[in-house]
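Participant: Below is one structure. I have some questions about it.
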Amino acid sequence: MAVSPEEWFKSLPPVTKAYLCGAVGTTAAVTFGLIGIESLYLNFDLVFKKFQIWRLVTCFMFFGKFSYPFIFQMFILGRYFNLVESGYYNPSNPGKTAEMVTFVAFGAIVMLVLSFFWNLFFLGPALSFMVMYVWSRKDPMMPISFWGFAIKAWHLPFVMLGMALLMRSSPVLDIVGIFVGHLWCFLTELVPQVYFMLEKYWISSDRIFWYR
């Protein structure tokens with residue numbers, strides 16, 4: 001049974017819905033001349049010297065004017081934010097929306113820090129790519145189809161990166177998204193496992209020493 005756009009939109013979890021509305025609304029405002037792009041991009045001189053702190057948020061909201069690349073970016077944002085939030089931060093479970101906000105905020109803060117050194121102006125595509133990367137690591141061996149080709153889930157971010165290179169698009173934002181997504185997976189999945197193993201080893205060693 002086909003789902004209408006209205007039903008699809010209503011089914012979106014809150015963080016995904018808010019971000020999608022913000023991105024589309026920002027693009028519409030720029031397209032209709034309500035605001036200028038020069039008011040949105042990330043500029044730390046203006047943030048610190050002119051106190052234009054909204055740039056720390058608006059740099060994640062603008063994905064370009066209405067065009068095919070914009071539609072493609074909205075597809076990535078809507079699909080993978082929705083998959084991650086519905087699958088792993090389901091709002092029906094208490095506290096999960098706060099965890100999703102923490103996840104997105106972590107990515108945004110790390111990207112802002114990187115932008116201080118790399119001079120990046122708009123970070124929305126990188127944030128979407130980060131979420132897609134994290135989704136691909138949740139079940140990395142899951143088979144998926146990409147334009148008719150069968151690949152594993154963990155291949156997807158790198159296939160997308162390869163496509164960007166083939167189309168002569170800048171891969172910088174994709175690389176930033178992969179790096180920050182990998183950092184999140186490392187800190188939230190690998191580090192706790194290693195810590196638990198070290199803690200278990202320390203307790204076992206302590207018991208051996210004690211019994212001696």
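Letters A, B, ... mark the chains of the structure tokens in the order given; residue numbers begin at 1 per chain; ligand numbers begin at 1, in order shown.
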Write out, as JSON lines, each residue of stretch 54-141 of chain A that has an atom at most 10 Å from stretch 184-188 of chain A, together with the closest pair of atoms and their distance in Å to one decimal, counting only C-alpha atoms, rows going by chain and rising number.
Facilitator:
{"residue": "A:Phe103", "atom": "CA", "partner": "A:Trp184", "partner_atom": "CA", "distance": 8.0}
{"residue": "A:Phe106", "atom": "CA", "partner": "A:Trp184", "partner_atom": "CA", "distance": 8.0}
{"residue": "A:Gly107", "atom": "CA", "partner": "A:Trp184", "partner_atom": "CA", "distance": 7.8}
{"residue": "A:Val110", "atom": "CA", "partner": "A:Trp184", "partner_atom": "CA", "distance": 10.0}
{"residue": "A:Met130", "atom": "CA", "partner": "A:Trp184", "partner_atom": "CA", "distance": 9.1}
{"residue": "A:Val131", "atom": "CA", "partner": "A:Trp184", "partner_atom": "CA", "distance": 10.0}
{"residue": "A:Tyr133", "atom": "CA", "partner": "A:Cys185", "partner_atom": "CA", "distance": 9.4}
{"residue": "A:Val134", "atom": "CA", "partner": "A:Cys185", "partner_atom": "CA", "distance": 6.8}
{"residue": "A:Arg137", "atom": "CA", "partner": "A:Cys185", "partner_atom": "CA", "distance": 7.8}
{"residue": "A:Lys138", "atom": "CA", "partner": "A:Cys185", "partner_atom": "CA", "distance": 9.0}
Participant: Using N, CA, C and O atoms, can you write the selected residues to a file as a JSON list (two decimals), in the first residue's frame?
Facilitator:
[["chain", "number", "residue", "atom", "x", "y", "z"],
["A", 103, "PHE", "N", 23.63, 12.74, 20.14],
["A", 103, "PHE", "CA", 24.36, 12.21, 18.99],
["A", 103, "PHE", "C", 24.58, 13.28, 17.93],
["A", 103, "PHE", "O", 25.70, 13.50, 17.46],
["A", 106, "PHE", "N", 26.84, 16.12, 19.25],
["A", 106, "PHE", "CA", 28.24, 15.70, 19.25],
["A", 106, "PHE", "C", 28.85, 15.90, 17.86],
["A", 106, "PHE", "O", 29.94, 16.48, 17.71],
["A", 107, "GLY", "N", 28.15, 15.39, 16.84],
["A", 107, "GLY", "CA", 28.65, 15.54, 15.47],
["A", 107, "GLY", "C", 28.81, 16.99, 15.07],
["A", 107, "GLY", "O", 29.82, 17.38, 14.47],
["A", 110, "VAL", "N", 31.91, 18.64, 16.95],
["A", 110, "VAL", "CA", 33.19, 18.20, 16.39],
["A", 110, "VAL", "C", 33.43, 18.83, 15.02],
["A", 110, "VAL", "O", 34.55, 19.26, 14.70],
["A", 130, "MET", "N", 27.58, 11.81, 8.22],
["A", 130, "MET", "CA", 27.94, 11.19, 9.49],
["A", 130, "MET", "C", 26.86, 10.21, 9.95],
["A", 130, "MET", "O", 27.16, 9.09, 10.38],
["A", 131, "VAL", "N", 25.60, 10.64, 9.86],
["A", 131, "VAL", "CA", 24.49, 9.79, 10.29],
["A", 131, "VAL", "C", 24.41, 8.55, 9.40],
["A", 131, "VAL", "O", 24.19, 7.43, 9.88],
["A", 133, "TYR", "N", 26.90, 7.14, 7.85],
["A", 133, "TYR", "CA", 28.03, 6.27, 8.22],
["A", 133, "TYR", "C", 27.72, 5.48, 9.48],
["A", 133, "TYR", "O", 27.98, 4.27, 9.54],
["A", 134, "VAL", "N", 27.18, 6.14, 10.49],
["A", 134, "VAL", "CA", 26.85, 5.45, 11.74],
["A", 134, "VAL", "C", 25.81, 4.37, 11.48],
["A", 134, "VAL", "O", 25.91, 3.25, 12.01],
["A", 137, "ARG", "N", 27.36, 1.26, 10.11],
["A", 137, "ARG", "CA", 28.17, 0.49, 11.05],
["A", 137, "ARG", "C", 27.32, -0.30, 12.05],
["A", 137, "ARG", "O", 27.85, -1.16, 12.74],
["A", 138, "LYS", "N", 26.03, 0.02, 12.14],
["A", 138, "LYS", "CA", 25.18, -0.70, 13.08],
["A", 138, "LYS", "C", 25.00, -2.16, 12.67],
["A", 138, "LYS", "O", 24.96, -3.05, 13.50]]
Participant: Looking only at helix (DSSP H, G or I) from DSSP on the backbone, list the matching residues of stretch 2-193 of chain A as a ChimeraX atom specification.
Facilitator: /A:5-11,14-31,37-39,44-49,55-58,68-88,96-118,124-138,153-166,172-193
Participant: Record the distance separating atom CA of A:Ser136 and atom CA of A:Ala153, expressed in Å with one decimal.
Facilitator: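 We find that atom CA of A:Ser136 and atom CA of A:Ala153 lie 5.0 Å from each other.
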Participant: Which residues are close to stretch 49-66 of chain A, i.e. within 6 Å by only C-alpha atoms, leaving aside same-chain residues fewer than 5 positions away? Reply as a list in words.
Facilitator: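 Selected residues are Ala23, Thr27, Leu40, Tyr41, Leu42, Phe122, Leu123 and Gly124 of chain A.
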